[in-house]
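Here is the file data_4.pdb (PDB, C-alpha atoms, pLDDT in the B column).
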```pdb
ATOM      1  CA  MET P  93       2.037 -18.671 -12.139  1.00 56.00           C
ATOM      2  CA  ALA P  94       3.834 -18.732  -8.796  1.00 59.00           C
ATOM      3  CA  ARG P  95       6.506 -16.189  -7.957  1.00 59.00           C
ATOM      4  CA  LEU P  96       9.727 -17.101  -6.214  1.00 57.00           C
ATOM      5  CA  ASN P  97      10.317 -15.506  -2.868  1.00 54.00           C
ATOM      6  CA  LYS P  98      13.903 -14.248  -2.575  1.00 57.00           C
ATOM      7  CA  SER P  99      14.301 -14.917   1.144  1.00 55.00           C
ATOM      8  CA  ARG P 100      13.236 -18.570   1.315  1.00 56.00           C
ATOM      9  CA  GLU P 101      13.166 -19.649  -2.330  1.00 58.00           C
ATOM     10  CA  ARG P 102       9.585 -20.918  -1.876  1.00 67.00           C
ATOM     11  CA  PRO P 103       7.047 -20.064  -4.546  1.00 69.00           C
ATOM     12  CA  GLU P 104       4.461 -17.476  -3.549  1.00 70.00           C
ATOM     13  CA  ALA P 105       0.904 -18.365  -4.546  1.00 81.00           C
ATOM     14  CA  ASP P 106      -0.912 -16.174  -7.046  1.00 84.00           C
ATOM     15  CA  SER P 107      -3.713 -15.575  -4.551  1.00 89.00           C
ATOM     16  CA  THR P 108      -1.196 -14.230  -2.024  1.00 84.00           C
ATOM     17  CA  TYR P 109       0.297 -11.948  -4.652  1.00 83.00           C
ATOM     18  CA  PHE P 110      -3.153 -10.615  -5.627  1.00 91.00           C
ATOM     19  CA  LEU P 111      -4.163 -10.112  -1.984  1.00 92.00           C
ATOM     20  CA  LYS P 112      -1.019  -8.090  -1.287  1.00 89.00           C
ATOM     21  CA  ILE P 113      -1.676  -5.879  -4.308  1.00 90.00           C
ATOM     22  CA  LEU P 114      -5.262  -5.343  -3.172  1.00 94.00           C
ATOM     23  CA  LEU P 115      -4.207  -4.512   0.394  1.00 93.00           C
ATOM     24  CA  TYR P 116      -1.583  -2.024  -0.780  1.00 93.00           C
ATOM     25  CA  PHE P 117      -4.227  -0.293  -2.902  1.00 94.00           C
ATOM     26  CA  VAL P 118      -6.699  -0.089  -0.009  1.00 95.00           C
ATOM     27  CA  VAL P 119      -4.070   1.158   2.456  1.00 95.00           C
ATOM     28  CA  GLY P 120      -2.775   3.702  -0.063  1.00 94.00           C
ATOM     29  CA  SER P 121      -6.227   5.236  -0.403  1.00 95.00           C
ATOM     30  CA  ILE P 122      -6.605   6.237   3.274  1.00 95.00           C
ATOM     31  CA  TRP P 123      -6.569   9.984   3.949  1.00 93.00           C
ATOM     32  CA  LEU P 124      -6.765  12.063   7.134  1.00 93.00           C
ATOM     33  CA  ARG P 125      -8.767  15.290   7.175  1.00 91.00           C
ATOM     34  CA  SER P 126      -8.880  17.684  10.111  1.00 90.00           C
ATOM     35  CA  ASP P 127     -10.036  21.227  10.807  1.00 88.00           C
ATOM     36  CA  LEU P 128      -6.491  22.064  11.913  1.00 88.00           C
ATOM     37  CA  LEU P 129      -4.897  20.993   8.624  1.00 86.00           C
ATOM     38  CA  PRO P 130      -5.380  23.029   5.436  1.00 88.00           C
ATOM     39  CA  ILE P 131      -5.090  19.947   3.192  1.00 88.00           C
ATOM     40  CA  PRO P 132      -5.806  16.253   3.786  1.00 89.00           C
ATOM     41  CA  LEU P 133      -2.826  14.056   4.654  1.00 92.00           C
ATOM     42  CA  PRO P 134      -2.201  10.736   2.899  1.00 93.00           C
ATOM     43  CA  VAL P 135      -1.657   8.651   6.039  1.00 94.00           C
ATOM     44  CA  GLY P 136      -2.264   5.433   4.103  1.00 94.00           C
ATOM     45  CA  LEU P 137       0.604   6.279   1.783  1.00 94.00           C
ATOM     46  CA  ILE P 138       2.919   6.907   4.733  1.00 94.00           C
ATOM     47  CA  VAL P 139       1.874   3.742   6.588  1.00 94.00           C
ATOM     48  CA  GLY P 140       2.039   1.739   3.364  1.00 93.00           C
ATOM     49  CA  ILE P 141       5.583   2.894   2.629  1.00 93.00           C
ATOM     50  CA  LEU P 142       6.649   1.916   6.138  1.00 92.00           C
ATOM     51  CA  PHE P 143       4.986  -1.472   5.749  1.00 90.00           C
ATOM     52  CA  ALA P 144       6.498  -2.058   2.294  1.00 89.00           C
ATOM     53  CA  SER P 145       9.986  -1.264   3.510  1.00 88.00           C
ATOM     54  CA  HIS P 146       9.702  -3.836   6.346  1.00 84.00           C
ATOM     55  CA  ASP P 147       7.780  -6.538   4.460  1.00 75.00           C
ATOM     56  CA  HIS P 148       9.516  -9.922   4.687  1.00 70.00           C
ATOM     57  CA  PHE P 149       7.728 -11.375   1.668  1.00 64.00           C
ATOM     58  CA  GLN P 150       8.212  -8.577  -0.822  1.00 61.00           C
ATOM     59  CA  ILE P 151       6.679  -8.578  -4.278  1.00 64.00           C
ATOM     60  CA  ASP P 152       9.045  -5.908  -5.477  1.00 79.00           C
ATOM     61  CA  ARG P 153       9.500  -2.644  -3.622  1.00 83.00           C
ATOM     62  CA  LYS P 154       9.252  -0.566  -6.783  1.00 87.00           C
ATOM     63  CA  ILE P 155       5.887  -2.122  -7.611  1.00 88.00           C
ATOM     64  CA  GLU P 156       4.653  -1.691  -4.033  1.00 89.00           C
ATOM     65  CA  TYR P 157       5.705   1.974  -3.911  1.00 91.00           C
ATOM     66  CA  ALA P 158       4.193   2.683  -7.335  1.00 92.00           C
ATOM     67  CA  LEU P 159       0.933   0.993  -6.358  1.00 93.00           C
ATOM     68  CA  LEU P 160       0.729   3.028  -3.140  1.00 94.00           C
ATOM     69  CA  LEU P 161       1.380   6.253  -5.035  1.00 95.00           C
ATOM     70  CA  VAL P 162      -1.219   5.457  -7.707  1.00 95.00           C
ATOM     71  CA  ALA P 163      -3.784   4.569  -5.025  1.00 95.00           C
ATOM     72  CA  ALA P 164      -3.137   7.861  -3.213  1.00 94.00           C
ATOM     73  CA  VAL P 165      -3.432   9.951  -6.382  1.00 93.00           C
ATOM     74  CA  VAL P 166      -6.539   8.136  -7.629  1.00 94.00           C
ATOM     75  CA  SER P 167      -8.245   8.449  -4.244  1.00 93.00           C
ATOM     76  CA  LEU P 168      -7.393  12.157  -4.127  1.00 89.00           C
ATOM     77  CA  VAL P 169      -8.926  12.814  -7.543  1.00 90.00           C
ATOM     78  CA  ALA P 170     -11.812  10.330  -7.567  1.00 90.00           C
ATOM     79  CA  PRO P 171     -14.343   9.855  -4.763  1.00 85.00           C
ATOM     80  CA  ILE P 172     -12.919   6.495  -3.653  1.00 89.00           C
ATOM     81  CA  GLY P 173     -10.929   5.518  -0.608  1.00 88.00           C
ATOM     82  CA  ILE P 174     -11.276   6.074   3.104  1.00 90.00           C
ATOM     83  CA  VAL P 175     -11.261   9.538   4.670  1.00 89.00           C
ATOM     84  CA  LEU P 176     -10.736   9.764   8.424  1.00 89.00           C
ATOM     85  CA  ASP P 177     -12.286  13.065   9.511  1.00 90.00           C
ATOM     86  CA  LEU P 178     -11.050  14.446  12.835  1.00 88.00           C
ATOM     87  CA  GLY P 179     -13.056  17.658  12.575  1.00 75.00           C
ATOM     88  CA  GLY P 180     -15.877  18.515  14.882  1.00 60.00           C
TER      89      GLY P 180
END
```
Final structure tokens representation of the file:
Amino acid sequence: MARLNKSRERPEADSTYFLKILLYFVVGSIWLRSDLLPIPLPVGLIVGILFASHDHFQIDRKIEYALLLVAAVVSLVAPIGIVLDLGG
């Protein structure tokens, strides 16, 4: 089923909708670890929130924010996601 885009009133394809959900999950699972920081930082969550707030073809901001938050929490608990290690 195609979703209507609020800005142009054109239907958004299901594949586009699924790809956006997948990309938000991947971006939300990026973490930054450094020797200078006591805990890892969720840089993917921060970048994802910035991207979601400026996205022209929005799914729904609440869904995008919730998906980013779930991806960050799941990647913190489970051994999934991307960890950028700046330590030596």
task = Using the chain letters and numbers from the file, give me the residues hit by the PyMOL selection byres ((chain P and resi 164) around 12), as an MDAnalysis selection string.
result = chainID P and resid 116:124 132:141 157:163 165:175
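In this structure, atom CA of Arg153 of chain P sits 17.4 Å away from atom CA of Asp106 of chain P.
You will find atom CA of Ser145 of chain P at 27.2 Å from atom CA of Asp177 of chain P.
From atom CA of Ile131 of chain P back to atom CA of Glu156 of chain P, the distance works out to 24.8 Å.
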task = Tell me which residues the PyMOL selection byres ((chain P and resi 178) around 7) grabs here, as an MDAnalysis selection string.
result = chainID P and resid 125:126 176:177 179:180
Output C-alpha atoms of each residue in that selection to a file, as a compact mmCIF listing (two decimals), in the coordinates of the input.
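File written: result-v9.txt
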```
# COMPACT_ATOMS: atom_id res chain seq x y z
CA ARG P 125 -8.77 15.29 7.18
CA SER P 126 -8.88 17.68 10.11
CA LEU P 176 -10.74 9.76 8.42
CA ASP P 177 -12.29 13.06 9.51
CA GLY P 179 -13.06 17.66 12.58
CA GLY P 180 -15.88 18.52 14.88
```
Could you give me the axis-aligned bounding box of segment 104-120 of chain P, with 4 Å of padding per side, as centre plus edge lengths in Å to one decimal, as lines of an AutoDock Vina configuration file?
```
center_x = -1.1
center_y = -7.3
center_z = -2.3
size_x = 19.2
size_y = 30.1
size_z = 17.5
```
